[in-house]
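Undergrad: Input structure: protein_20.pdb, which contains PDB, C-alpha atoms and all ligand atoms.
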ATOM      1  CA  MET X  20      91.145 165.745  84.214
ATOM      2  CA  THR X  21      88.446 164.173  86.319
ATOM      3  CA  ASN X  22      84.691 164.432  85.932
ATOM      4  CA  LEU X  23      84.019 164.865  89.662
ATOM      5  CA  VAL X  24      80.800 166.730  90.435
ATOM      6  CA  SER X  25      82.507 168.464  93.358
ATOM      7  CA  THR X  26      84.858 170.101  90.839
ATOM      8  CA  TRP X  27      82.823 171.102  87.785
ATOM      9  CA  SER X  28      79.535 171.887  89.530
ATOM     10  CA  LYS X  29      81.122 174.909  91.231
ATOM     11  CA  THR X  30      80.942 176.858  87.994
ATOM     12  CA  THR X  31      77.463 175.971  86.794
ATOM     13  CA  GLN X  32      73.930 176.938  87.777
ATOM     14  CA  ILE X  33      72.318 174.430  85.460
ATOM     15  CA  LEU X  34      71.712 170.741  85.939
ATOM     16  CA  PRO X  35      73.126 168.998  82.845
ATOM     17  CA  GLU X  36      70.721 166.902  80.802
ATOM     18  CA  ASN X  37      72.501 163.638  81.652
ATOM     19  CA  TYR X  38      71.710 164.098  85.345
ATOM     20  CA  ILE X  39      67.961 164.381  84.800
ATOM     21  CA  PHE X  40      66.056 161.217  85.724
ATOM     22  CA  PRO X  41      62.816 160.023  84.126
ATOM     23  CA  VAL X  42      59.799 161.443  85.926
ATOM     24  CA  ASP X  43      58.976 158.224  87.782
ATOM     25  CA  GLN X  44      62.419 158.048  89.378
ATOM     26  CA  ARG X  45      62.686 161.657  90.526
ATOM     27  CA  PRO X  46      62.650 162.462  94.230
ATOM     28  CA  GLY X  47      59.135 163.889  94.419
ATOM     29  CA  SER X  48      57.404 161.604  91.906
ATOM     30  CA  VAL X  49      56.367 158.725  94.073
ATOM     31  CA  LYS X  50      55.557 159.258  97.658
ATOM     32  CA  ILE X  51      58.291 157.328  99.440
ATOM     33  CA  PRO X  52      56.703 156.528 102.768
ATOM     34  CA  LEU X  53      58.693 158.327 105.402
ATOM     35  CA  VAL X  54      59.509 156.188 108.377
ATOM     36  CA  GLN X  55      57.768 158.221 111.039
ATOM     37  CA  ASN X  56      59.555 156.763 113.970
ATOM     38  CA  ILE X  57      62.956 155.470 113.044
ATOM     39  CA  PRO X  58      63.703 153.062 115.841
ATOM     40  CA  LEU X  59      66.161 154.681 118.207
ATOM     41  CA  ILE X  60      68.361 152.246 120.075
ATOM     42  CA  ASP X  61      70.174 153.333 123.206
ATOM     43  CA  LEU X  62      73.161 151.033 123.462
ATOM     44  CA  SER X  63      73.623 151.956 127.111
ATOM     45  CA  SER X  64      70.307 150.309 128.027
ATOM     46  CA  SER X  65      70.258 146.822 129.485
ATOM     47  CA  GLN X  66      71.450 144.057 127.187
ATOM     48  CA  SER X  67      68.094 142.252 127.166
ATOM     49  CA  GLN X  68      66.297 145.444 126.226
ATOM     50  CA  THR X  69      68.670 146.346 123.371
ATOM     51  CA  VAL X  70      68.569 142.790 122.012
ATOM     52  CA  GLU X  71      64.799 142.925 121.862
ATOM     53  CA  GLU X  72      64.651 146.428 120.372
ATOM     54  CA  ILE X  73      67.291 145.740 117.737
ATOM     55  CA  LEU X  74      65.669 142.516 116.664
ATOM     56  CA  HIS X  75      62.328 144.251 116.331
ATOM     57  CA  ALA X  76      63.891 147.120 114.340
ATOM     58  CA  CYS X  77      65.627 144.659 111.995
ATOM     59  CA  GLN X  78      62.435 142.716 111.419
ATOM     60  CA  GLU X  79      60.277 145.766 110.900
ATOM     61  CA  PHE X  80      62.576 148.215 109.104
ATOM     62  CA  GLY X  81      66.043 146.764 108.575
ATOM     63  CA  PHE X  82      67.233 150.130 109.775
ATOM     64  CA  PHE X  83      67.714 151.997 113.053
ATOM     65  CA  GLN X  84      69.582 154.818 114.736
ATOM     66  CA  VAL X  85      71.952 154.175 117.614
ATOM     67  CA  ILE X  86      72.885 156.488 120.476
ATOM     68  CA  ASN X  87      75.360 156.032 123.317
ATOM     69  CA  HIS X  88      77.269 153.837 120.889
ATOM     70  CA  GLY X  89      80.726 154.455 122.298
ATOM     71  CA  VAL X  90      82.268 156.208 119.285
ATOM     72  CA  SER X  91      83.436 159.527 120.688
ATOM     73  CA  LYS X  92      81.923 162.748 119.430
ATOM     74  CA  ASP X  93      85.390 164.218 118.915
ATOM     75  CA  LEU X  94      86.405 161.346 116.682
ATOM     76  CA  ILE X  95      83.153 161.592 114.700
ATOM     77  CA  ASP X  96      83.587 165.356 114.260
ATOM     78  CA  ASP X  97      87.259 165.029 113.268
ATOM     79  CA  THR X  98      86.429 162.311 110.753
ATOM     80  CA  MET X  99      83.635 164.317 109.170
ATOM     81  CA  GLU X 100      85.898 167.325 108.988
ATOM     82  CA  VAL X 101      88.798 165.542 107.358
ATOM     83  CA  VAL X 102      86.653 163.866 104.695
ATOM     84  CA  LYS X 103      84.981 167.176 103.865
ATOM     85  CA  GLU X 104      88.421 168.716 103.604
ATOM     86  CA  PHE X 105      89.352 165.956 101.192
ATOM     87  CA  PHE X 106      86.487 166.790  98.834
ATOM     88  CA  ASN X 107      87.236 170.497  99.086
ATOM     89  CA  MET X 108      90.835 170.085  97.954
ATOM     90  CA  PRO X 109      91.761 171.524  94.567
ATOM     91  CA  GLU X 110      91.330 169.350  91.490
ATOM     92  CA  GLU X 111      95.084 168.613  91.182
ATOM     93  CA  GLU X 112      95.178 167.098  94.666
ATOM     94  CA  LYS X 113      92.128 164.915  94.144
ATOM     95  CA  GLU X 114      93.180 163.796  90.687
ATOM     96  CA  ILE X 115      95.909 161.604  92.187
ATOM     97  CA  TYR X 116      93.305 159.283  93.710
ATOM     98  CA  TYR X 117      90.871 159.370  90.808
ATOM     99  CA  SER X 118      90.218 156.157  88.875
ATOM    100  CA  ILE X 119      87.518 154.885  86.522
ATOM    101  CA  ASP X 120      88.658 151.272  86.869
ATOM    102  CA  PRO X 121      85.514 149.503  88.142
ATOM    103  CA  ILE X 122      87.505 146.887  90.065
ATOM    104  CA  LYS X 123      90.118 149.108  91.699
ATOM    105  CA  SER X 124      89.564 148.907  95.448
ATOM    106  CA  CYS X 125      90.949 152.264  96.662
ATOM    107  CA  LYS X 126      89.707 155.094  94.526
ATOM    108  CA  LEU X 127      87.921 158.347  94.025
ATOM    109  CA  TYR X 128      85.272 158.402  91.312
ATOM    110  CA  THR X 129      81.923 159.950  90.494
ATOM    111  CA  SER X 130      78.349 158.689  90.083
ATOM    112  CA  GLY X 131      78.002 154.855  89.855
ATOM    113  CA  TYR X 132      80.489 151.998  89.400
ATOM    114  CA  ASN X 133      80.709 152.357  85.658
ATOM    115  CA  TYR X 134      80.343 155.972  84.572
ATOM    116  CA  ALA X 135      81.001 155.290  80.885
ATOM    117  CA  ASN X 136      78.091 152.859  80.619
ATOM    118  CA  GLU X 137      75.513 154.970  82.425
ATOM    119  CA  ASP X 138      72.730 156.799  80.599
ATOM    120  CA  ILE X 139      72.103 159.079  83.542
ATOM    121  CA  HIS X 140      74.622 159.963  86.229
ATOM    122  CA  PHE X 141      74.169 160.383  89.958
ATOM    123  CA  TRP X 142      74.980 163.622  91.678
ATOM    124  CA  ARG X 143      77.671 162.258  93.955
ATOM    125  CA  ASP X 144      81.386 161.715  94.223
ATOM    126  CA  ASN X 145      82.690 158.751  96.157
ATOM    127  CA  LEU X 146      85.944 157.929  97.854
ATOM    128  CA  ARG X 147      86.252 154.321  98.954
ATOM    129  CA  HIS X 148      88.868 152.033 100.359
ATOM    130  CA  PRO X 149      89.046 148.749 102.239
ATOM    131  CA  CYS X 150      90.082 149.112 105.877
ATOM    132  CA  HIS X 151      90.378 145.733 107.560
ATOM    133  CA  PRO X 152      92.946 144.725 108.622
ATOM    134  CA  LEU X 153      94.071 148.336 108.835
ATOM    135  CA  ASP X 154      97.831 147.736 108.318
ATOM    136  CA  GLU X 155      97.124 145.942 105.103
ATOM    137  CA  TRP X 156      95.323 148.866 103.493
ATOM    138  CA  VAL X 157      96.168 152.152 105.143
ATOM    139  CA  HIS X 158      99.217 152.783 102.929
ATOM    140  CA  LEU X 159      96.886 152.986  99.911
ATOM    141  CA  TRP X 160      94.640 155.668 101.437
ATOM    142  CA  PRO X 161      94.911 159.379 100.618
ATOM    143  CA  GLU X 162      98.003 161.091 102.003
ATOM    144  CA  LYS X 163      96.231 164.417 101.990
ATOM    145  CA  PRO X 164      94.842 165.977 104.105
ATOM    146  CA  THR X 165      97.872 165.022 106.167
ATOM    147  CA  ASN X 166      95.826 163.682 109.100
ATOM    148  CA  TYR X 167      93.483 161.650 106.856
ATOM    149  CA  ARG X 168      95.072 158.242 107.527
ATOM    150  CA  ASP X 169      95.381 158.807 111.246
ATOM    151  CA  VAL X 170      91.851 160.101 111.847
ATOM    152  CA  VAL X 171      90.005 157.873 109.381
ATOM    153  CA  GLY X 172      92.043 154.868 110.569
ATOM    154  CA  LYS X 173      90.895 155.449 114.160
ATOM    155  CA  TYR X 174      87.324 155.923 113.004
ATOM    156  CA  SER X 175      87.328 152.737 110.920
ATOM    157  CA  LEU X 176      88.481 150.710 113.946
ATOM    158  CA  GLU X 177      85.819 152.232 116.194
ATOM    159  CA  VAL X 178      83.034 151.792 113.692
ATOM    160  CA  ARG X 179      84.102 148.171 113.153
ATOM    161  CA  LYS X 180      83.921 147.567 116.899
ATOM    162  CA  LEU X 181      80.450 149.100 116.969
ATOM    163  CA  SER X 182      79.292 146.979 114.016
ATOM    164  CA  LEU X 183      80.493 143.788 115.679
ATOM    165  CA  ARG X 184      78.789 144.803 118.905
ATOM    166  CA  VAL X 185      75.483 145.306 117.101
ATOM    167  CA  LEU X 186      75.928 141.997 115.262
ATOM    168  CA  GLU X 187      76.482 140.299 118.596
ATOM    169  CA  LEU X 188      73.157 141.692 119.833
ATOM    170  CA  ILE X 189      71.440 140.504 116.648
ATOM    171  CA  ARG X 190      73.077 137.107 117.070
ATOM    172  CA  GLU X 191      71.710 136.820 120.536
ATOM    173  CA  GLY X 192      68.263 137.959 119.432
ATOM    174  CA  LEU X 193      68.168 135.343 116.700
ATOM    175  CA  GLY X 194      69.477 132.672 119.031
ATOM    176  CA  LEU X 195      72.451 131.915 116.793
ATOM    177  CA  GLU X 196      75.346 130.068 118.347
ATOM    178  CA  PRO X 197      78.230 132.054 119.922
ATOM    179  CA  GLU X 198      80.960 133.008 117.426
ATOM    180  CA  TYR X 199      78.457 132.819 114.563
ATOM    181  CA  PHE X 200      79.632 136.156 113.137
ATOM    182  CA  ALA X 201      83.283 135.141 113.063
ATOM    183  CA  GLU X 202      85.983 136.499 110.746
ATOM    184  CA  GLU X 203      84.657 134.506 107.760
ATOM    185  CA  LEU X 204      81.428 136.488 107.783
ATOM    186  CA  THR X 205      82.845 139.821 108.929
ATOM    187  CA  GLY X 206      86.411 139.882 107.568
ATOM    188  CA  GLY X 207      85.716 142.527 104.932
ATOM    189  CA  GLN X 208      85.302 146.224 105.729
ATOM    190  CA  LEU X 209      84.971 148.984 103.202
ATOM    191  CA  LEU X 210      84.737 152.658 104.031
ATOM    192  CA  SER X 211      82.738 154.543 101.432
ATOM    193  CA  ILE X 212      82.519 158.301 101.626
ATOM    194  CA  ASN X 213      79.756 159.904  99.629
ATOM    195  CA  HIS X 214      79.870 163.557  98.789
ATOM    196  CA  TYR X 215      76.787 165.220  97.339
ATOM    197  CA  PRO X 216      77.626 168.807  96.362
ATOM    198  CA  PRO X 217      74.922 171.485  96.291
ATOM    199  CA  CYS X 218      72.743 170.711  93.281
ATOM    200  CA  PRO X 219      71.045 173.287  91.005
ATOM    201  CA  ASP X 220      67.808 171.271  90.921
ATOM    202  CA  PRO X 221      67.408 168.474  93.476
ATOM    203  CA  SER X 222      63.897 167.694  92.219
ATOM    204  CA  LEU X 223      65.229 166.252  88.945
ATOM    205  CA  THR X 224      68.158 164.131  90.025
ATOM    206  CA  LEU X 225      69.366 161.610  92.595
ATOM    207  CA  GLY X 226      72.499 161.193  94.667
ATOM    208  CA  LEU X 227      72.126 157.416  94.820
ATOM    209  CA  PRO X 228      69.469 155.159  93.292
ATOM    210  CA  LYS X 229      67.179 152.886  95.230
ATOM    211  CA  HIS X 230      69.161 149.923  96.517
ATOM    212  CA  ALA X 231      69.640 147.606  99.423
ATOM    213  CA  ASP X 232      73.259 147.232 100.531
ATOM    214  CA  PRO X 233      74.823 143.919  99.471
ATOM    215  CA  ASN X 234      76.856 143.379 102.651
ATOM    216  CA  LEU X 235      76.196 142.059 106.145
ATOM    217  CA  ILE X 236      75.829 145.265 108.163
ATOM    218  CA  THR X 237      76.229 148.958 107.347
ATOM    219  CA  VAL X 238      76.918 151.804 109.737
ATOM    220  CA  LEU X 239      76.133 155.162 108.207
ATOM    221  CA  LEU X 240      77.419 158.200 110.035
ATOM    222  CA  GLN X 241      74.898 159.584 111.551
ATOM    223  CA  GLY X 242      73.195 156.426 112.155
ATOM    224  CA  SER X 243      71.423 153.916 109.941
ATOM    225  CA  VAL X 244      72.247 150.285 109.986
ATOM    226  CA  SER X 245      71.004 147.507 107.738
ATOM    227  CA  GLY X 246      71.646 143.804 107.571
ATOM    228  CA  LEU X 247      71.894 141.144 104.920
ATOM    229  CA  GLN X 248      68.583 139.335 104.772
ATOM    230  CA  ILE X 249      69.789 135.927 103.760
ATOM    231  CA  ILE X 250      71.764 135.225 106.928
ATOM    232  CA  SER X 251      68.543 135.062 108.907
ATOM    233  CA  ASN X 252      66.629 132.936 106.372
ATOM    234  CA  GLY X 253      64.374 135.896 105.655
ATOM    235  CA  LYS X 254      63.709 136.794 109.286
ATOM    236  CA  LEU X 255      65.390 140.205 109.081
ATOM    237  CA  ARG X 256      65.023 142.926 106.474
ATOM    238  CA  SER X 257      67.567 144.871 104.493
ATOM    239  CA  ALA X 258      66.049 148.312 104.002
ATOM    240  CA  GLU X 259      65.879 149.745 100.496
ATOM    241  CA  HIS X 260      67.082 153.323 100.504
ATOM    242  CA  ARG X 261      68.362 156.041  98.217
ATOM    243  CA  ALA X 262      69.962 159.478  98.534
ATOM    244  CA  VAL X 263      68.641 162.773  97.214
ATOM    245  CA  THR X 264      70.566 166.028  96.832
ATOM    246  CA  ASN X 265      70.360 169.499  98.364
ATOM    247  CA  LEU X 266      70.038 172.893  96.777
ATOM    248  CA  ARG X 267      72.346 174.890  99.030
ATOM    249  CA  GLU X 268      74.391 172.574 101.159
ATOM    250  CA  ALA X 269      76.811 169.817 100.360
ATOM    251  CA  ARG X 270      76.064 166.605 102.201
ATOM    252  CA  THR X 271      78.739 164.092 103.097
ATOM    253  CA  SER X 272      78.072 160.641 104.467
ATOM    254  CA  ILE X 273      80.591 158.139 105.783
ATOM    255  CA  VAL X 274      79.456 154.599 105.264
ATOM    256  CA  SER X 275      81.155 151.544 106.733
ATOM    257  CA  PHE X 276      80.220 148.221 105.177
ATOM    258  CA  ILE X 277      81.094 145.035 107.033
ATOM    259  CA  SER X 278      81.123 142.095 104.647
ATOM    260  CA  PRO X 279      81.975 138.438 104.569
ATOM    261  CA  CYS X 280      85.326 137.428 103.069
ATOM    262  CA  LEU X 281      85.010 137.002  99.308
ATOM    263  CA  ASP X 282      85.263 133.208  99.302
ATOM    264  CA  THR X 283      82.861 132.653 102.180
ATOM    265  CA  ILE X 284      79.796 130.567 101.398
ATOM    266  CA  ILE X 285      76.697 132.442 102.548
ATOM    267  CA  GLU X 286      73.686 130.393 103.526
ATOM    268  CA  PRO X 287      70.897 130.468 106.076
ATOM    269  CA  ALA X 288      72.120 129.589 109.548
ATOM    270  CA  LYS X 289      71.212 125.975 110.335
ATOM    271  CA  SER X 290      69.409 127.007 113.506
ATOM    272  CA  MET X 291      67.270 129.478 111.536
ATOM    273  CA  ILE X 292      65.813 126.858 109.242
ATOM    274  CA  ASP X 293      62.898 126.327 111.559
ATOM    275  CA  THR X 294      60.547 124.688 109.071
ATOM    276  CA  GLY X 295      63.269 122.377 107.925
ATOM    277  CA  VAL X 296      63.547 124.140 104.571
ATOM    278  CA  PRO X 297      66.069 126.833 103.769
ATOM    279  CA  ARG X 298      64.455 129.788 101.986
ATOM    280  CA  PHE X 299      67.632 130.856 100.159
ATOM    281  CA  GLN X 300      70.251 129.153  98.004
ATOM    282  CA  PRO X 301      73.795 129.108  99.305
ATOM    283  CA  PHE X 302      76.245 131.258  97.333
ATOM    284  CA  LYS X 303      79.823 132.400  97.365
ATOM    285  CA  PHE X 304      79.946 136.030  98.491
ATOM    286  CA  LYS X 305      82.089 137.137  95.548
ATOM    287  CA  ASP X 306      79.630 135.655  93.028
ATOM    288  CA  PHE X 307      76.822 137.483  94.785
ATOM    289  CA  LEU X 308      78.682 140.798  94.499
ATOM    290  CA  LYS X 309      79.281 140.274  90.791
ATOM    291  CA  PHE X 310      75.626 139.539  90.236
ATOM    292  CA  TYR X 311      74.618 142.537  92.378
ATOM    293  CA  GLU X 312      76.626 144.765  90.100
ATOM    294  CA  GLU X 313      75.174 143.208  86.955
ATOM    295  CA  LYS X 314      71.643 143.686  88.275
ATOM    296  CA  LYS X 315      72.478 147.166  89.574
ATOM    297  CA  GLY X 316      71.435 146.071  93.038
ATOM    298  CA  ASP X 317      67.846 145.380  92.039
ATOM    299  CA  THR X 318      66.431 143.486  95.017
ATOM    300  CA  GLU X 319      63.695 141.753  93.056
ATOM    301  CA  SER X 320      66.041 140.250  90.456
ATOM    302  CA  MET X 321      68.448 139.186  93.189
ATOM    303  CA  MET X 322      65.681 137.502  95.158
ATOM    304  CA  LYS X 323      64.428 135.675  92.073
ATOM    305  CA  VAL X 324      67.733 133.904  91.801
ATOM    306  CA  TYR X 325      68.535 133.252  95.450
ATOM    307  CA  LYS X 326      65.132 132.687  96.972
ATOM    308  CA  ILE X 327      63.952 129.095  96.902
ATOM    309  CA  LYS X 328      60.375 128.803  95.718
ATOM    310  CA  PRO X 329      58.072 127.340  98.347
TER
HETATM  311  C1  LIG U 401      75.400 153.766 100.461
HETATM  312  C2  LIG U 401      74.262 154.612 100.880
HETATM  313  C3  LIG U 401      73.422 156.697 101.654
HETATM  314  C4  LIG U 401      73.890 158.077 101.958
HETATM  315  O1  LIG U 401      76.507 154.311 100.333
HETATM  316  O2  LIG U 401      75.180 152.562 100.277
HETATM  317  O3  LIG U 401      73.164 154.135 100.881
HETATM  318  O4  LIG U 401      73.158 158.739 102.666
HETATM  319  N1  LIG U 401      74.481 155.882 101.222
HETATM  320  O5  LIG U 401      74.943 158.475 101.486
HETATM  321 NI    NI U 402      73.248 151.997 100.825
END
Starting from the coordinates I provided, produce the structure as structure tokens.

TA:
Amino acid sequence: MTNLVSTWSKTTQILPENYIFPVDQRPGSVKIPLVQNIPLIDLSSSQSQTVEEILHACQEFGFFQVINHGVSKDLIDDTMEVVKEFFNMPEEEKEIYYSIDPIKSCKLYTSGYNYANEDIHFWRDNLRHPCHPLDEWVHLWPEKPTNYRDVVGKYSLEVRKLSLRVLELIREGLGLEPEYFAEELTGGQLLSINHYPPCPDPSLTLGLPKHADPNLITVLLQGSVSGLQIISNGKLRSAEHRAVTNLREARTSIVSFISPCLDTIIEPAKSMIDTGVPRFQPFKFKDFLKFYEEKKGDTESMMKVYKIKP
């Protein structure tokens, strides 16, 4: 038996007590300022224009939407369809991939990383698996639906290409040396598929808590990207975000995280230390991830440790 929301929520009209957040964390409680104009970047514009726009968006929001990005609409539609099909499979089919092991890399689970230790759960199921290099991981991915590996494999390659293209534009905007975002900083890629089933009372619960992603760059299908702040010595932002649920419709998001390799030392780029003082401590990426999990992604606690006091 699993405790997937997509399974048990089909037969209930009531939001269970352990999904109800304290008033100050509920969706409507604080007015989260809506970004009125999410920067929209047309990747078919001239290179100098996109470099400038992306840099501005990263400094201002840490988040933007891309169009004319080169990932075909057919591939996007097929990928969305196959992942939705996955979550709609009967319990017995999904059970095979289910795991509550917090460190297992390919798995289906529900809520946060450590369900058993949570006071309140999130209204989401998640399927995640590493995807780079593809041949190393694809055999661990779901075998059903039967076209899952084929379609999602193609998508993961395309979305990786897009991420590296955007990083290249950021690199140019920051004036970092060519090859700065080499394999060491971009060798990890995780595909994380969030499924938020229809929820009996979206005003009381959350799909995902407030967090900033702990990786280098994220591409969210349909379109938000954020970057790791420390690389740029505090010049770029990593947007804090969260997910809320819907009353009638399930929402599925496909998130690709590009990360450094686990043993890579992360530190401000030498050419970014313009005042002569780095603003962040160097760290090994895997230690950072461990700490991120301990602190539940709380940006303030993370910054306290890594930011060097002026
Ligand atoms: C994430 C995330 C948002 C969403 O997976 O890190 O922020 O819309 N997802 O699912
Ligand atoms: Ni996120």

Undergrad: Give the answer as one residue: which of X:Phe83, X:Phe40, X:Phe200, X:Tyr128 has the shortest atom-to-atom distance to Phe106 of chain X, using only C-alpha atoms?

TA: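 Closest to Phe106 of chain X of all the choices is X:Tyr128.
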
Undergrad: For ligand NI 402 (chain U), which of X:Tyr215, X:Phe82, X:Trp27, X:Phe105 is the closest residue, counting all atoms listed in the file?

TA: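 Checking each of X:Tyr215, X:Phe82, X:Trp27, X:Phe105 against ligand NI 402 (chain U), counting all atoms listed in the file, the winner is X:Phe82.
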
Undergrad: With the file shown as input, list the residues that the PyMOL selection byres (((chain X and resi 33) around 8) and not hetatm) selects, as JSON, numbers by chain.

TA: {"X": [31, 32, 34, 35, 219, 220]}

Undergrad: Go ahead and compute the interatomic distance for atom CA of Tyr38 of chain X and atom CA of Cys218 of chain X, in Å to one decimal.

TA: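 These atoms are spaced 10.4 Å apart.
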
Undergrad: Take the PyMOL selection byres (((not hetatm)) within 12 of (chain U and resi 401)), run it mentally on this structure, and tell me the resulting residues as a ChimeraX atom specification.

TA: /X:82,130-132,141-147,209-216,225-234,236-246,257-265,269-277,316

Undergrad: Create the file for the chosen residues now, containing C-alpha atoms and written as a PDB file, in the frame of the given file.

TA:
ATOM      1  CA  PHE X  82      67.233 150.130 109.775  1.00  0.00           C
ATOM      2  CA  SER X 130      78.349 158.689  90.083  1.00  0.00           C
ATOM      3  CA  GLY X 131      78.002 154.855  89.855  1.00  0.00           C
ATOM      4  CA  TYR X 132      80.489 151.998  89.400  1.00  0.00           C
ATOM      5  CA  PHE X 141      74.169 160.383  89.958  1.00  0.00           C
ATOM      6  CA  TRP X 142      74.980 163.622  91.678  1.00  0.00           C
ATOM      7  CA  ARG X 143      77.671 162.258  93.955  1.00  0.00           C
ATOM      8  CA  ASP X 144      81.386 161.715  94.223  1.00  0.00           C
ATOM      9  CA  ASN X 145      82.690 158.751  96.157  1.00  0.00           C
ATOM     10  CA  LEU X 146      85.944 157.929  97.854  1.00  0.00           C
ATOM     11  CA  ARG X 147      86.252 154.321  98.954  1.00  0.00           C
ATOM     12  CA  LEU X 209      84.971 148.984 103.202  1.00  0.00           C
ATOM     13  CA  LEU X 210      84.737 152.658 104.031  1.00  0.00           C
ATOM     14  CA  SER X 211      82.738 154.543 101.432  1.00  0.00           C
ATOM     15  CA  ILE X 212      82.519 158.301 101.626  1.00  0.00           C
ATOM     16  CA  ASN X 213      79.756 159.904  99.629  1.00  0.00           C
ATOM     17  CA  HIS X 214      79.870 163.557  98.789  1.00  0.00           C
ATOM     18  CA  TYR X 215      76.787 165.220  97.339  1.00  0.00           C
ATOM     19  CA  PRO X 216      77.626 168.807  96.362  1.00  0.00           C
ATOM     20  CA  LEU X 225      69.366 161.610  92.595  1.00  0.00           C
ATOM     21  CA  GLY X 226      72.499 161.193  94.667  1.00  0.00           C
ATOM     22  CA  LEU X 227      72.126 157.416  94.820  1.00  0.00           C
ATOM     23  CA  PRO X 228      69.469 155.159  93.292  1.00  0.00           C
ATOM     24  CA  LYS X 229      67.179 152.886  95.230  1.00  0.00           C
ATOM     25  CA  HIS X 230      69.161 149.923  96.517  1.00  0.00           C
ATOM     26  CA  ALA X 231      69.640 147.606  99.423  1.00  0.00           C
ATOM     27  CA  ASP X 232      73.259 147.232 100.531  1.00  0.00           C
ATOM     28  CA  PRO X 233      74.823 143.919  99.471  1.00  0.00           C
ATOM     29  CA  ASN X 234      76.856 143.379 102.651  1.00  0.00           C
ATOM     30  CA  ILE X 236      75.829 145.265 108.163  1.00  0.00           C
ATOM     31  CA  THR X 237      76.229 148.958 107.347  1.00  0.00           C
ATOM     32  CA  VAL X 238      76.918 151.804 109.737  1.00  0.00           C
ATOM     33  CA  LEU X 239      76.133 155.162 108.207  1.00  0.00           C
ATOM     34  CA  LEU X 240      77.419 158.200 110.035  1.00  0.00           C
ATOM     35  CA  GLN X 241      74.898 159.584 111.551  1.00  0.00           C
ATOM     36  CA  GLY X 242      73.195 156.426 112.155  1.00  0.00           C
ATOM     37  CA  SER X 243      71.423 153.916 109.941  1.00  0.00           C
ATOM     38  CA  VAL X 244      72.247 150.285 109.986  1.00  0.00           C
ATOM     39  CA  SER X 245      71.004 147.507 107.738  1.00  0.00           C
ATOM     40  CA  GLY X 246      71.646 143.804 107.571  1.00  0.00           C
ATOM     41  CA  SER X 257      67.567 144.871 104.493  1.00  0.00           C
ATOM     42  CA  ALA X 258      66.049 148.312 104.002  1.00  0.00           C
ATOM     43  CA  GLU X 259      65.879 149.745 100.496  1.00  0.00           C
ATOM     44  CA  HIS X 260      67.082 153.323 100.504  1.00  0.00           C
ATOM     45  CA  ARG X 261      68.362 156.041  98.217  1.00  0.00           C
ATOM     46  CA  ALA X 262      69.962 159.478  98.534  1.00  0.00           C
ATOM     47  CA  VAL X 263      68.641 162.773  97.214  1.00  0.00           C
ATOM     48  CA  THR X 264      70.566 166.028  96.832  1.00  0.00           C
ATOM     49  CA  ASN X 265      70.360 169.499  98.364  1.00  0.00           C
ATOM     50  CA  ALA X 269      76.811 169.817 100.360  1.00  0.00           C
ATOM     51  CA  ARG X 270      76.064 166.605 102.201  1.00  0.00           C
ATOM     52  CA  THR X 271      78.739 164.092 103.097  1.00  0.00           C
ATOM     53  CA  SER X 272      78.072 160.641 104.467  1.00  0.00           C
ATOM     54  CA  ILE X 273      80.591 158.139 105.783  1.00  0.00           C
ATOM     55  CA  VAL X 274      79.456 154.599 105.264  1.00  0.00           C
ATOM     56  CA  SER X 275      81.155 151.544 106.733  1.00  0.00           C
ATOM     57  CA  PHE X 276      80.220 148.221 105.177  1.00  0.00           C
ATOM     58  CA  ILE X 277      81.094 145.035 107.033  1.00  0.00           C
ATOM     59  CA  GLY X 316      71.435 146.071  93.038  1.00  0.00           C
TER      60      GLY X 316
END

Undergrad: Could you list the residues chosen by the PyMOL selection byres (((chain X and resi 74) around 12) and not hetatm) in this structure as a PyMOL selection string?

TA: chain X and resi 58+60+67-73+75-83+185-194+245-246+251+254-256

Undergrad: Quick one: distance from atom CA of Lys326 of chain X to atom CA of Gln300 of chain X in Å, one decimal?

TA: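 About the pair atom CA of Lys326 of chain X and atom CA of Gln300 of chain X: they are 6.3 Å apart.
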
Undergrad: Mind giving me the straight-line distance from atom CA of Tyr174 of chain X to atom CA of Lys92 of chain X in Å, one decimal?

TA: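 If I compute the distance from atom CA of Tyr174 of chain X to atom CA of Lys92 of chain X, I get 10.8 Å.
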
Undergrad: Hey, which of X:Leu223, X:Leu153, X:Val102, X:Leu94 ends up closest to Tyr167 of chain X? Count only C-alpha atoms.

TA: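 That would be X:Val102, the residue with the smallest distance to Tyr167 of chain X.
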
Undergrad: Choose the residue, out of X:Leu235, X:Phe310, X:Thr26, X:Leu176, that has the smallest atom-to-atom separation from ligand NI 402 (chain U); count only C-alpha atoms and all ligand atoms.

TA: X:Leu235

Undergrad: From the options X:Glu286, X:Glu104, X:Asp138, X:Glu112, which residue's atoms come nearest to Glu36 of chain X, counting only C-alpha atoms?

TA: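 Result for the nearest residue to Glu36 of chain X: X:Asp138.
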
Undergrad: Using only C-alpha atoms, which of X:Ile39, X:Glu162, X:Asp169, X:Glu203 sits nearest His140 of chain X?

TA: X:Ile39

Undergrad: Show me, as an MDAnalysis selection string, the residues that have an atom within 9 Å of Ile327 of chain X when counting only C-alpha atoms, minus same-chain residues fewer than 4 positions from it.

TA: chainID X and resid 297:300 322:323

Undergrad: Pick out the residues sitting within 9 Å of Trp160 of chain X, and hand them over as a VMD selection string; count all atoms listed in the file, and ignore anything fewer than 4 positions along from it in its own chain.

TA: chain X and resid 116 125 to 126 147 to 149 156 167 to 168

Undergrad: Please tell me which residues are no farther than 6 Å from (80.8, 129.2, 97.4) in the file, counting only C-alpha atoms, and write them as a ChimeraX atom specification.

TA: /X:284,302-303
